[in-house]
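Undergrad: What follows is the file start_36.txt, containing compact mmCIF, C-alpha atoms:
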```txt
# COMPACT_ATOMS: atom_id res chain seq x y z
CA MET A 16 -41.28 -66.72 -34.91
CA ASP A 17 -42.41 -65.68 -31.45
CA GLU A 18 -46.15 -64.86 -31.62
CA GLU A 19 -45.73 -61.65 -29.65
CA LEU A 20 -43.02 -60.50 -32.06
CA ALA A 21 -45.09 -61.47 -35.09
CA GLU A 22 -48.05 -59.50 -33.76
CA PHE A 23 -45.79 -56.52 -33.03
CA CYS A 24 -44.39 -56.55 -36.56
CA ARG A 25 -47.75 -56.94 -38.25
CA ARG A 26 -49.25 -54.13 -36.19
CA GLU A 27 -46.42 -51.65 -36.64
CA HIS A 28 -45.57 -52.44 -40.25
CA PRO A 29 -48.02 -50.14 -42.08
CA ARG A 30 -47.26 -47.14 -39.88
CA LEU A 31 -43.51 -47.61 -40.15
CA VAL A 32 -43.68 -47.97 -43.93
CA ALA A 33 -45.77 -44.81 -44.21
CA ALA A 34 -43.40 -42.89 -41.94
CA LEU A 35 -40.33 -44.02 -43.88
CA ASP A 36 -42.14 -43.16 -47.11
CA PHE A 37 -42.53 -39.59 -45.83
CA VAL A 38 -38.85 -39.47 -44.86
CA CYS A 39 -37.41 -41.06 -48.02
CA GLY A 40 -39.99 -40.08 -50.60
CA SER A 41 -40.08 -43.61 -52.03
CA LEU A 42 -42.57 -46.27 -51.00
CA PRO A 43 -40.64 -49.27 -52.38
CA LEU A 44 -37.55 -48.07 -50.51
CA ALA A 45 -39.64 -47.51 -47.40
CA GLU A 46 -40.94 -51.07 -47.61
CA ASP A 47 -37.45 -52.50 -47.83
CA LEU A 48 -36.19 -50.30 -45.02
CA ALA A 49 -39.13 -51.43 -42.90
CA GLN A 50 -38.32 -55.07 -43.69
CA GLU A 51 -34.70 -54.55 -42.64
CA THR A 52 -35.84 -52.74 -39.51
CA PHE A 53 -38.04 -55.60 -38.43
CA ALA A 54 -35.28 -58.08 -39.18
CA ARG A 55 -33.03 -56.22 -36.75
CA VAL A 56 -35.84 -56.05 -34.22
CA CYS A 57 -36.36 -59.79 -34.63
CA LYS A 58 -32.64 -60.44 -34.11
CA ASP A 59 -32.62 -58.62 -30.76
CA TRP A 60 -36.24 -59.08 -29.75
CA GLN A 61 -35.57 -60.45 -26.28
CA ARG A 62 -33.65 -57.29 -25.42
CA ILE A 63 -35.96 -54.88 -27.26
CA ARG A 64 -39.19 -56.22 -25.78
CA ALA A 65 -37.85 -55.39 -22.32
CA MET A 66 -37.23 -51.73 -23.19
CA ASP A 67 -39.48 -48.91 -22.08
CA SER A 68 -40.50 -48.27 -25.67
CA PRO A 69 -39.94 -51.08 -28.18
CA ILE A 70 -41.92 -49.06 -30.71
CA GLY A 71 -39.71 -46.00 -30.20
CA TYR A 72 -36.62 -48.14 -30.61
CA THR A 73 -38.03 -49.69 -33.78
CA HIS A 74 -38.71 -46.27 -35.23
CA ARG A 75 -35.21 -45.21 -34.29
CA ILE A 76 -33.73 -48.15 -36.18
CA GLY A 77 -35.87 -47.38 -39.22
CA LEU A 78 -34.96 -43.72 -39.28
CA ASN A 79 -31.27 -44.48 -38.90
CA LEU A 80 -31.41 -46.99 -41.71
CA ALA A 81 -33.12 -44.38 -43.85
CA ARG A 82 -30.36 -41.95 -42.99
CA SER A 83 -27.53 -44.22 -44.02
CA SER A 84 -26.94 -43.07 -47.56
CA PHE A 85 -24.82 -46.02 -48.48
CA ARG A 86 -27.47 -48.47 -47.51
CA ARG A 87 -30.10 -46.36 -49.14
CA ARG A 88 -28.28 -46.35 -52.46
CA ALA A 89 -27.77 -50.10 -52.29
CA LEU A 90 -31.43 -50.64 -51.51
CA GLU A 91 -32.46 -48.26 -54.26
CA ARG A 92 -30.47 -50.30 -56.72
CA ARG A 93 -32.15 -53.48 -55.51
CA VAL A 94 -35.67 -52.05 -55.55
CA GLY A 95 -35.33 -50.15 -58.80
CA TYR A 96 -37.40 -52.73 -60.62
CA ARG A 97 -40.24 -52.25 -58.14
CA LEU A 98 -40.75 -48.55 -58.80
CA ALA A 99 -43.16 -49.29 -61.61
CA ARG A 100 -45.54 -51.16 -59.31
CA GLU A 101 -47.83 -48.19 -58.74
CA ASP A 102 -50.76 -50.39 -57.84
CA SER A 103 -49.09 -52.00 -54.86
CA TRP A 104 -50.09 -49.38 -52.32
CA HIS A 105 -53.12 -47.48 -51.05
CA ASP A 106 -53.13 -43.79 -52.04
CA PRO A 107 -56.49 -42.37 -50.98
CA ASP A 108 -56.24 -38.76 -52.19
CA ALA A 109 -53.65 -38.73 -54.91
CA ALA A 110 -53.52 -35.02 -55.74
CA GLY A 111 -53.49 -33.67 -52.18
CA ALA A 112 -51.24 -36.44 -50.96
CA VAL A 113 -48.74 -35.79 -53.74
CA ALA A 114 -48.65 -32.11 -52.80
CA VAL A 115 -47.97 -32.88 -49.14
CA ARG A 116 -45.30 -35.47 -49.92
CA ALA A 117 -43.64 -33.14 -52.43
CA ALA A 118 -43.66 -30.34 -49.85
CA LEU A 119 -42.05 -32.69 -47.31
CA GLN A 120 -39.28 -33.65 -49.70
CA GLY A 121 -38.52 -29.95 -50.02
CA LEU A 122 -37.63 -29.75 -46.33
CA ARG A 123 -34.27 -30.42 -44.75
CA GLU A 124 -33.87 -34.04 -43.64
CA GLN A 125 -33.87 -33.24 -39.92
CA GLN A 126 -37.00 -31.10 -40.25
CA ARG A 127 -38.73 -33.88 -42.14
CA ARG A 128 -37.77 -36.50 -39.55
CA VAL A 129 -38.99 -34.31 -36.70
CA LEU A 130 -42.30 -33.52 -38.39
CA VAL A 131 -42.93 -37.19 -39.20
CA LEU A 132 -42.21 -38.21 -35.61
CA ARG A 133 -44.27 -35.39 -34.12
CA TYR A 134 -47.25 -35.15 -36.41
CA PHE A 135 -47.54 -38.54 -38.04
CA LEU A 136 -46.22 -40.96 -35.45
CA GLY A 137 -47.54 -38.80 -32.60
CA TYR A 138 -44.43 -38.47 -30.42
CA SER A 139 -44.17 -35.68 -27.90
CA VAL A 140 -41.23 -33.30 -28.12
CA MET A 141 -39.38 -35.19 -25.38
CA GLU A 142 -40.05 -38.57 -26.97
CA ALA A 143 -38.97 -37.33 -30.39
CA ALA A 144 -35.77 -36.00 -28.84
CA GLU A 145 -35.09 -39.42 -27.34
CA VAL A 146 -35.74 -41.30 -30.57
CA LEU A 147 -33.64 -38.91 -32.64
CA ASP A 148 -30.99 -38.55 -29.94
CA MET A 149 -31.25 -34.79 -30.22
CA PRO A 150 -31.70 -31.98 -27.67
CA VAL A 151 -35.29 -30.95 -26.99
CA GLY A 152 -34.49 -27.44 -28.17
CA SER A 153 -33.32 -28.77 -31.52
CA VAL A 154 -36.52 -30.75 -31.95
CA LYS A 155 -38.56 -27.62 -31.34
CA THR A 156 -36.43 -25.60 -33.72
CA HIS A 157 -36.60 -28.18 -36.50
CA ALA A 158 -40.35 -28.55 -35.99
CA ALA A 159 -40.96 -24.81 -36.12
CA ARG A 160 -38.84 -24.32 -39.21
CA GLY A 161 -40.27 -27.37 -40.90
CA LEU A 162 -43.83 -26.24 -40.29
CA ALA A 163 -43.06 -22.74 -41.55
CA ALA A 164 -41.57 -24.20 -44.72
CA LEU A 165 -44.54 -26.54 -45.11
CA ARG A 166 -46.91 -23.61 -44.79
CA ASP A 167 -44.99 -21.69 -47.44
CA GLN A 168 -45.17 -24.60 -49.85
CA LEU A 169 -48.76 -25.59 -49.19
CA GLY A 170 -50.06 -22.02 -49.23
CA ALA A 171 -50.45 -21.35 -45.46
CA ASN A 172 -53.34 -23.84 -45.15
CA VAL A 173 -51.81 -25.59 -42.24
CA THR A 174 -52.34 -25.34 -38.50
CA THR A 175 -50.97 -27.13 -35.52
CA GLU A 176 -52.91 -27.80 -32.38
CA ASP A 177 -49.91 -27.67 -30.13
CA MET A 178 -46.53 -27.08 -31.64
CA TYR A 179 -44.61 -27.22 -28.40
CA ALA A 180 -46.24 -30.11 -26.57
CA MET B 13 -57.76 -25.28 -42.23
CA PRO B 14 -56.37 -28.76 -41.98
CA ASP B 15 -54.28 -29.76 -39.02
CA VAL B 16 -50.73 -30.93 -39.80
CA ALA B 17 -51.51 -34.32 -38.32
CA GLU B 18 -54.54 -34.54 -40.61
CA LEU B 19 -52.40 -33.69 -43.62
CA PHE B 20 -50.01 -36.49 -42.77
CA ALA B 21 -52.80 -38.97 -42.13
CA ASN B 22 -54.43 -38.16 -45.46
CA ALA B 23 -51.16 -38.34 -47.36
CA ALA B 24 -49.92 -41.58 -45.84
CA ARG B 25 -49.31 -44.45 -48.22
CA THR B 26 -49.43 -47.98 -46.91
CA PRO B 27 -48.49 -51.13 -48.75
CA ALA B 28 -51.29 -53.39 -49.94
CA ASP B 29 -49.21 -56.45 -49.09
CA GLY B 30 -48.50 -57.29 -45.49
CA LEU B 31 -45.07 -57.88 -44.01
CA ASP B 32 -43.37 -61.10 -45.12
CA LEU B 33 -42.50 -62.52 -41.70
CA ASN B 34 -40.60 -65.47 -43.15
CA ARG B 35 -38.32 -63.11 -45.02
CA VAL B 36 -37.86 -61.02 -41.88
CA GLN B 37 -36.90 -64.09 -39.91
CA ARG B 38 -34.42 -65.29 -42.55
CA ARG B 39 -32.78 -61.89 -42.62
CA ALA B 40 -32.59 -61.84 -38.80
CA VAL B 41 -30.78 -65.19 -38.86
CA ALA B 42 -28.34 -63.85 -41.45
CA LEU B 43 -27.68 -60.75 -39.34
CA ARG B 44 -27.03 -62.90 -36.29
CA ARG B 45 -24.56 -65.05 -38.21
CA GLN B 46 -22.83 -61.93 -39.52
CA GLN B 47 -22.43 -60.63 -35.99
CA GLN B 48 -21.02 -63.95 -34.76
CA ALA B 49 -18.63 -64.13 -37.71
CA VAL B 50 -17.29 -60.66 -36.93
CA ARG B 51 -16.74 -61.59 -33.29
CA GLY B 52 -15.06 -64.83 -34.30
CA THR B 53 -12.76 -63.03 -36.74
CA VAL B 54 -11.76 -60.48 -34.13
CA LEU B 55 -10.99 -63.22 -31.60
CA VAL B 56 -8.93 -65.22 -34.10
CA ALA B 57 -7.04 -62.09 -35.16
CA ALA B 58 -6.36 -61.22 -31.53
CA GLY B 59 -5.11 -64.73 -30.87
CA LEU B 60 -2.77 -64.59 -33.86
CA VAL B 61 -1.38 -61.24 -32.76
CA VAL B 62 -0.70 -62.56 -29.27
CA LEU B 63 0.99 -65.62 -30.76
CA VAL B 64 3.21 -63.55 -33.03
CA VAL B 65 4.12 -61.11 -30.28
CA THR B 66 5.03 -63.82 -27.80
CA GLN B 67 7.16 -65.53 -30.46
CA VAL B 68 8.90 -62.24 -31.25
CA GLY B 69 9.32 -61.58 -27.55
CA ARG B 70 11.09 -64.89 -27.05
CA SER B 71 13.47 -64.36 -29.95
CA ALA B 72 14.20 -60.60 -29.63
CA PRO B 73 13.16 -59.05 -26.29
CA ASP B 74 14.78 -55.67 -27.10
CA ALA B 75 12.58 -55.27 -30.19
CA LEU B 76 9.58 -54.56 -27.95
CA GLU B 77 11.06 -51.20 -26.96
CA GLN B 78 11.09 -50.07 -30.59
CA ILE B 79 7.32 -49.66 -30.86
CA PRO B 80 6.79 -46.10 -32.03
CA ALA B 81 4.66 -43.76 -29.98
CA ASP B 82 1.28 -42.97 -31.39
CA LYS B 83 -0.19 -39.53 -31.11
CA PRO B 84 -3.88 -39.25 -30.31
CA THR B 85 -5.86 -38.01 -33.28
CA PRO B 86 -9.30 -37.15 -31.98
CA SER B 87 -10.47 -35.84 -35.32
CA SER B 88 -9.36 -38.85 -37.36
CA SER B 89 -11.48 -41.84 -38.07
CA VAL B 90 -11.13 -44.21 -35.23
CA ARG B 91 -8.80 -47.15 -35.45
CA SER B 92 -6.94 -49.23 -32.95
CA GLU B 93 -3.21 -49.50 -32.50
CA PRO B 94 -1.98 -52.38 -34.63
CA ALA B 95 -0.60 -54.18 -31.61
CA ALA B 96 -3.66 -53.66 -29.40
CA PRO B 97 -6.52 -55.91 -30.48
CA ILE B 98 -10.01 -54.56 -30.15
CA SER B 99 -12.85 -56.76 -29.19
CA ARG B 100 -16.50 -55.96 -29.28
CA GLY B 101 -19.38 -57.48 -27.52
CA LEU B 102 -22.81 -56.97 -26.08
CA ALA B 103 -22.89 -55.80 -22.53
CA ALA B 104 -24.92 -57.84 -20.10
CA PRO B 105 -24.89 -57.92 -16.32
CA GLY B 106 -22.09 -60.05 -15.11
CA SER B 107 -20.64 -60.57 -18.54
CA GLY B 108 -18.40 -58.41 -20.65
CA ILE B 109 -14.72 -58.53 -21.18
CA LYS B 110 -12.52 -58.73 -18.12
CA PRO B 111 -8.78 -58.19 -18.13
CA ALA B 112 -6.60 -61.27 -17.84
CA GLY B 113 -4.31 -61.88 -14.94
CA SER B 114 -4.91 -61.66 -11.23
CA LEU B 115 -6.78 -58.50 -10.34
CA ALA B 116 -7.51 -56.81 -7.09
CA PRO B 117 -11.14 -55.58 -6.86
CA VAL B 118 -11.59 -52.50 -9.02
CA ARG B 119 -11.42 -49.25 -7.08
CA PRO B 120 -13.28 -46.57 -9.05
CA ASN B 121 -11.43 -43.31 -9.16
CA THR B 122 -14.44 -41.06 -8.60
CA THR B 123 -14.37 -37.52 -7.35
CA ALA B 124 -15.91 -36.39 -4.10
CA ALA B 125 -19.57 -35.39 -4.33
CA GLY B 126 -20.05 -31.72 -5.07
CA THR B 127 -16.50 -31.20 -6.22
CA PRO B 128 -16.40 -31.70 -9.92
CA ALA B 129 -12.85 -32.19 -10.97
CA ALA B 130 -11.43 -31.43 -14.33
CA GLN B 131 -8.92 -34.22 -14.21
CA ASP B 132 -7.74 -37.22 -12.27
CA LYS B 133 -4.82 -37.03 -9.94
CA PRO B 134 -2.05 -39.39 -10.96
CA ALA B 135 -2.10 -42.75 -9.20
CA PRO B 136 0.49 -43.03 -6.44
CA ALA B 137 3.70 -44.20 -8.07
CA PRO B 138 4.95 -47.44 -6.59
CA ALA B 139 8.63 -48.26 -6.53
CA ARG B 140 9.70 -48.52 -10.12
CA SER B 141 10.38 -52.03 -11.17
CA GLN B 142 11.61 -53.49 -14.39
CA ALA B 143 8.92 -53.31 -17.07
CA ALA B 144 7.07 -56.64 -16.85
CA ALA B 145 6.84 -58.95 -19.80
CA PRO B 146 3.57 -58.50 -21.67
CA ALA B 147 0.72 -60.55 -20.26
CA ALA B 148 -1.39 -62.77 -22.48
CA GLY B 149 -4.05 -60.63 -24.16
CA TYR B 150 -2.08 -57.44 -23.50
CA PRO B 151 0.34 -56.94 -26.38
CA PRO B 152 2.94 -54.23 -25.91
CA ALA B 153 1.90 -50.88 -27.26
CA ALA B 154 2.30 -47.22 -26.47
CA SER B 155 -1.42 -46.53 -26.44
CA CYS B 156 -4.80 -47.53 -27.75
CA LYS B 157 -8.19 -45.96 -28.23
CA VAL B 158 -11.71 -47.14 -28.96
CA ASP B 159 -14.86 -45.41 -30.10
CA THR B 160 -18.54 -46.16 -30.53
CA MET B 161 -18.61 -46.05 -34.31
CA GLY B 162 -20.83 -48.85 -35.54
CA LEU B 163 -21.73 -50.10 -32.10
CA LEU B 164 -25.31 -51.10 -31.48
CA PRO B 165 -27.00 -49.92 -28.26
CA ASN B 166 -25.38 -51.47 -25.20
CA GLU B 167 -22.53 -52.95 -27.23
CA GLU B 168 -19.00 -52.43 -25.97
CA ARG B 169 -15.60 -52.17 -27.57
CA THR B 170 -12.32 -52.81 -25.78
CA CYS B 171 -8.62 -52.61 -26.49
CA ARG B 172 -5.83 -53.84 -24.23
CA PHE B 173 -2.11 -53.32 -24.12
CA THR B 174 0.96 -53.58 -21.96
CA ALA B 175 2.22 -50.05 -21.74
CA THR B 176 5.65 -49.37 -23.16
CA ARG B 177 5.58 -45.68 -22.26
CA GLU B 178 4.15 -43.28 -19.71
CA GLY B 179 0.84 -41.72 -20.47
CA GLY B 180 -2.62 -40.66 -19.37
CA TRP B 181 -6.16 -41.08 -20.60
CA ARG B 182 -8.79 -38.94 -22.25
CA PHE B 183 -12.49 -39.24 -23.07
CA GLU B 184 -14.26 -37.25 -25.77
CA GLN B 185 -17.85 -36.92 -26.82
CA ARG B 186 -17.80 -35.89 -30.46
CA ASN B 187 -21.54 -35.58 -30.96
CA GLY B 188 -24.82 -36.81 -29.66
CA ALA B 189 -27.32 -35.15 -27.40
CA GLY B 190 -26.86 -35.72 -23.74
CA TYR B 191 -27.44 -39.14 -22.23
CA VAL B 192 -23.66 -39.47 -21.99
CA ASN B 193 -24.08 -40.58 -18.39
CA ARG B 194 -25.73 -43.69 -19.77
CA ALA B 195 -22.59 -44.56 -21.71
CA LYS B 196 -19.71 -46.69 -20.55
CA ALA B 197 -16.20 -45.37 -20.83
CA PHE B 198 -13.36 -46.35 -18.56
CA VAL B 199 -9.71 -47.20 -18.39
CA ASP B 200 -8.48 -49.95 -16.09
CA VAL B 201 -4.80 -49.79 -15.22
CA THR B 202 -3.32 -52.83 -13.48
CA ARG B 203 0.03 -52.47 -11.79
CA ASN B 204 1.58 -55.04 -9.47
CA GLY B 205 -1.69 -56.91 -9.29
CA ARG B 206 -3.78 -53.89 -8.31
CA THR B 207 -6.29 -52.36 -10.69
CA THR B 208 -7.38 -48.73 -10.69
CA ARG B 209 -10.30 -47.56 -12.80
CA TYR B 210 -10.41 -44.12 -14.41
CA GLY B 211 -13.45 -42.47 -15.93
CA GLY B 212 -16.23 -44.91 -15.11
CA ASP B 213 -17.71 -46.17 -11.89
CA ALA B 214 -17.71 -49.79 -10.79
CA SER B 215 -20.32 -50.62 -13.42
CA GLY B 216 -18.33 -48.79 -16.08
CA ARG B 217 -20.79 -45.92 -16.44
CA LEU B 218 -19.27 -42.47 -16.81
CA SER B 219 -19.30 -40.70 -13.50
CA GLY B 220 -18.87 -37.07 -12.54
CA ASN B 221 -17.06 -34.69 -14.78
CA VAL B 222 -13.74 -36.42 -14.89
CA GLN B 223 -12.83 -36.87 -18.50
CA CYS B 224 -9.07 -37.13 -18.54
CA GLY B 225 -6.01 -38.00 -16.52
CA THR B 226 -2.31 -37.26 -16.85
CA ASP B 227 0.56 -39.63 -16.06
CA VAL B 228 -1.62 -42.48 -14.82
CA VAL B 229 0.01 -45.12 -17.02
CA GLN B 230 3.54 -46.36 -16.48
CA PRO B 231 5.60 -48.76 -18.58
CA GLY B 232 4.64 -52.31 -17.74
CA ASP B 233 1.08 -51.47 -16.72
CA LEU B 234 -1.67 -53.66 -18.13
CA VAL B 235 -4.21 -51.27 -19.60
CA THR B 236 -7.78 -51.96 -20.69
CA VAL B 237 -9.72 -49.23 -22.49
CA THR B 238 -13.47 -49.74 -22.85
CA VAL B 239 -16.29 -47.75 -24.39
CA GLY B 240 -19.94 -48.79 -24.48
CA GLN B 241 -22.83 -47.33 -26.44
CA THR B 242 -25.87 -46.20 -24.45
CA GLU B 243 -29.10 -48.15 -24.44
CA VAL B 244 -30.67 -45.44 -26.52
CA GLY B 245 -27.65 -45.60 -28.79
CA TYR B 246 -25.90 -43.39 -31.29
CA LEU B 247 -23.58 -41.25 -29.25
CA ASP B 248 -20.22 -40.64 -30.86
CA LEU B 249 -17.74 -41.28 -28.07
CA GLU B 250 -14.02 -41.98 -27.97
CA ILE B 251 -11.67 -42.90 -25.14
CA GLY B 252 -7.96 -43.55 -25.31
CA ALA B 253 -5.08 -44.19 -22.95
CA GLY B 254 -1.33 -44.34 -23.03
CA ALA B 255 1.38 -42.20 -24.53
CA GLY B 256 0.18 -38.85 -25.79
CA TYR B 257 -3.02 -38.85 -23.73
CA ARG B 258 -3.34 -36.22 -21.02
CA CYS B 259 -5.53 -33.45 -19.76
CA SER B 260 -5.06 -30.32 -21.77
CA SER B 261 -4.86 -28.01 -18.78
```
Kindly present the structure from the file in structure tokens form.

TA:
Amino acid sequence: MDEELAEFCRREHPRLVAALDFVCGSLPLAEDLAQETFARVCKDWQRIRAMDSPIGYTHRIGLNLARSSFRRRALERRVGYRLAREDSWHDPDAAGAVAVRAALQGLREQQRRVLVLRYFLGYSVMEAAEVLDMPVGSVKTHAARGLAALRDQLGANVTTEDMYA
Amino acid sequence: MPDVAELFANAARTPADGLDLNRVQRRAVALRRQQQAVRGTVLVAAGLVVLVVTQVGRSAPDALEQIPADKPTPSSSVRSEPAAPISRGLAAPGSGIKPAGSLAPVRPNTTAAGTPAAQDKPAPAPARSQAAAPAAGYPPAASCKVDTMGLLPNEERTCRFTATREGGWRFEQRNGAGYVNRAKAFVDVTRNGRTTRYGGDASGRLSGNVQCGTDVVQPGDLVTVTVGQTEVGYLDLEIGAGAGYRCSS
């Protein structure tokens, strides 16, 4: 494998898995989705490396794979045996983390995707709109509604530095 | 109060094991083979269709006129006309699928700057001649349409036919946010060796606001309909040409 590609995959892997875990609510599924994402990136690496944002494109692939319910069900069937491996990941603050992840799963899918892109992966509103192929206004709307719902579920202990950046 | 970004950072779970690069590479090879197999199957199927049609044409020329008209169904799941093979490929400069036969340089049918037009004017009608025999790669059909369903970024899909009836063309964007001007969508109509392009510019990119045309296809025309996904991907686009396609107003 191309060394540049290998470095790219190793570097982006943990962040992509964590992001997909937030979106799907299942770490084993997130790991398999991330693996499939990097396989597709590897297949078209010469084209992807020349893009303005290979990372953005990789995240787009991952999120679209997560969205495909057919693929998700097939992967869930395959990874079912891995769900018991609770010791295979780092979970620093179990109680608080569980509350946040549970609150996220209570959101609509689009709100969850927008919040993960904006506040975990650090995309601006414009960049998130590009990755999700969505109007900027929709990104803002989903973010605002998602944050409001998150506040309701987590007891209003949530702030944002800049919701509309 | 914690910041949202802080909440995410504290709740993030990361796998203890790193990425298995060997497995990634094996899967990438499998995906590449899958893609090549699909292309090969489409080409073989197209070749078989051409073979069957030319054999039928030799034995029963009048049968070609019996092909039923197909009405455009924008809301239906996209499929091609049975007689118009669809091919799919990655777009790259200088490559892509080009119509068979001798072609004059493509003359894009763009509107004048500052005058957005709702529809194309019909191409000047040459003296009517007998409908030409179908050219290789252009099976007789009333119409065909292609869409971007399943296309990866920058991939294209094409259908070709020899028109058996009059018709127009129509482009639709079913969903997707903007960026449509990064998509490719065009109809090439070749008549008496001269090709006119509708919808896209010389590179195939959508240009202006022209999204339909009425009565631009005549029986005997060689028609190529192409759609290409944008480089950012995931727009739901459809373009069709032939019988039943026209501007609505």

Undergrad: Please tabulate, as a Markdown table, the residues of chain B that come within 7 Å of chain A, each with its closest pair of atoms and the distance in Å to one decimal, counting all atoms listed in the file and ordering rows by chain, then residue number upward.

TA:
```
| residue | atom | partner | partner_atom | distance |
| --- | --- | --- | --- | --- |
| B:Met13 | CA | A:Asn172 | CA | 5.5 |
| B:Pro14 | CA | A:Val173 | CA | 5.6 |
| B:Asp15 | CA | A:Thr174 | CA | 4.9 |
| B:Val16 | CA | A:Thr175 | CA | 5.7 |
| B:Ala17 | CA | A:Tyr134 | CA | 4.7 |
| B:Phe20 | CA | A:Phe135 | CA | 5.7 |
| B:Ala21 | CA | A:Phe135 | CA | 6.7 |
| B:Asn22 | CA | A:Ala112 | CA | 6.6 |
| B:Ala23 | CA | A:Ala112 | CA | 4.1 |
| B:Ala24 | CA | A:Ala33 | CA | 5.5 |
| B:Arg25 | CA | A:Ala33 | CA | 5.4 |
| B:Thr26 | CA | A:Pro29 | CA | 5.5 |
| B:Pro27 | CA | A:Trp104 | CA | 4.3 |
| B:Ala28 | CA | A:Trp104 | CA | 4.8 |
| B:Leu31 | CA | A:Arg25 | CA | 6.4 |
| B:Val36 | CA | A:Ala54 | CA | 4.8 |
| B:Gln37 | CA | A:Ala54 | CA | 6.3 |
| B:Arg39 | CA | A:Ala54 | CA | 5.7 |
| B:Ala40 | CA | A:Ala54 | CA | 4.6 |
| B:Val41 | CA | A:Lys58 | CA | 7.0 |
| B:Arg44 | CA | A:Lys58 | CA | 6.5 |
| B:Gly188 | CA | A:Asp148 | CA | 6.4 |
| B:Ala189 | CA | A:Met149 | CA | 4.9 |
```

Undergrad: Mind checking which residues fall within 8 Å of range 81-83 of chain A, counting only C-alpha atoms, ignoring those fewer than 5 positions away in the same chain, and posting them as a PyMOL selection string?

TA: chain A and resi 35+38-39+48

Undergrad: Go ahead and compute the interatomic distance for CA of Glu184 in chain B and CA of Val54 in chain B, in Å to one decimal.

TA: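 About the pair CA of Glu184 in chain B and CA of Val54 in chain B: they are 24.8 Å apart.
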
Undergrad: In terms of the shortest atom-to-atom distance over only C-alpha atoms, which of A:Gly77, A:Pro69, A:Gly40, A:Gly121 is closest to Gln168 in chain A?

TA: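 Comparing A:Gly77, A:Pro69, A:Gly40, A:Gly121 against Gln168 in chain A, the winner is A:Gly121.
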
Undergrad: Please, what distance in Å, to one decimal, runs between CA of Phe183 in chain B and CA of Arg203 in chain B?

TA: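 Separating CA of Phe183 in chain B from CA of Arg203 in chain B is a distance of 21.4 Å.
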
Undergrad: CA of Gly240 in chain B to CA of Val50 in chain B: how many Å, to one decimal?

TA: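 Separating CA of Gly240 in chain B from CA of Val50 in chain B is a distance of 17.4 Å.
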
Undergrad: Tell me which protein, DNA and RNA residues are within 6 Å of Leu218 in chain B, counting only C-alpha atoms, leaving out same-chain ones fewer than 5 positions away, and put them as a PDB file with C-alpha atoms, in the frame of the given file.

TA:
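File written: around31.pdb
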```pdb
ATOM      1  CA  ASN B 193     -24.080 -40.580 -18.390  1.00  0.00           C
ATOM      2  CA  LYS B 196     -19.710 -46.690 -20.550  1.00  0.00           C
ATOM      3  CA  ALA B 197     -16.200 -45.370 -20.830  1.00  0.00           C
ATOM      4  CA  GLY B 211     -13.450 -42.470 -15.930  1.00  0.00           C
ATOM      5  CA  GLY B 212     -16.230 -44.910 -15.110  1.00  0.00           C
TER       6      GLY B 212
END
```
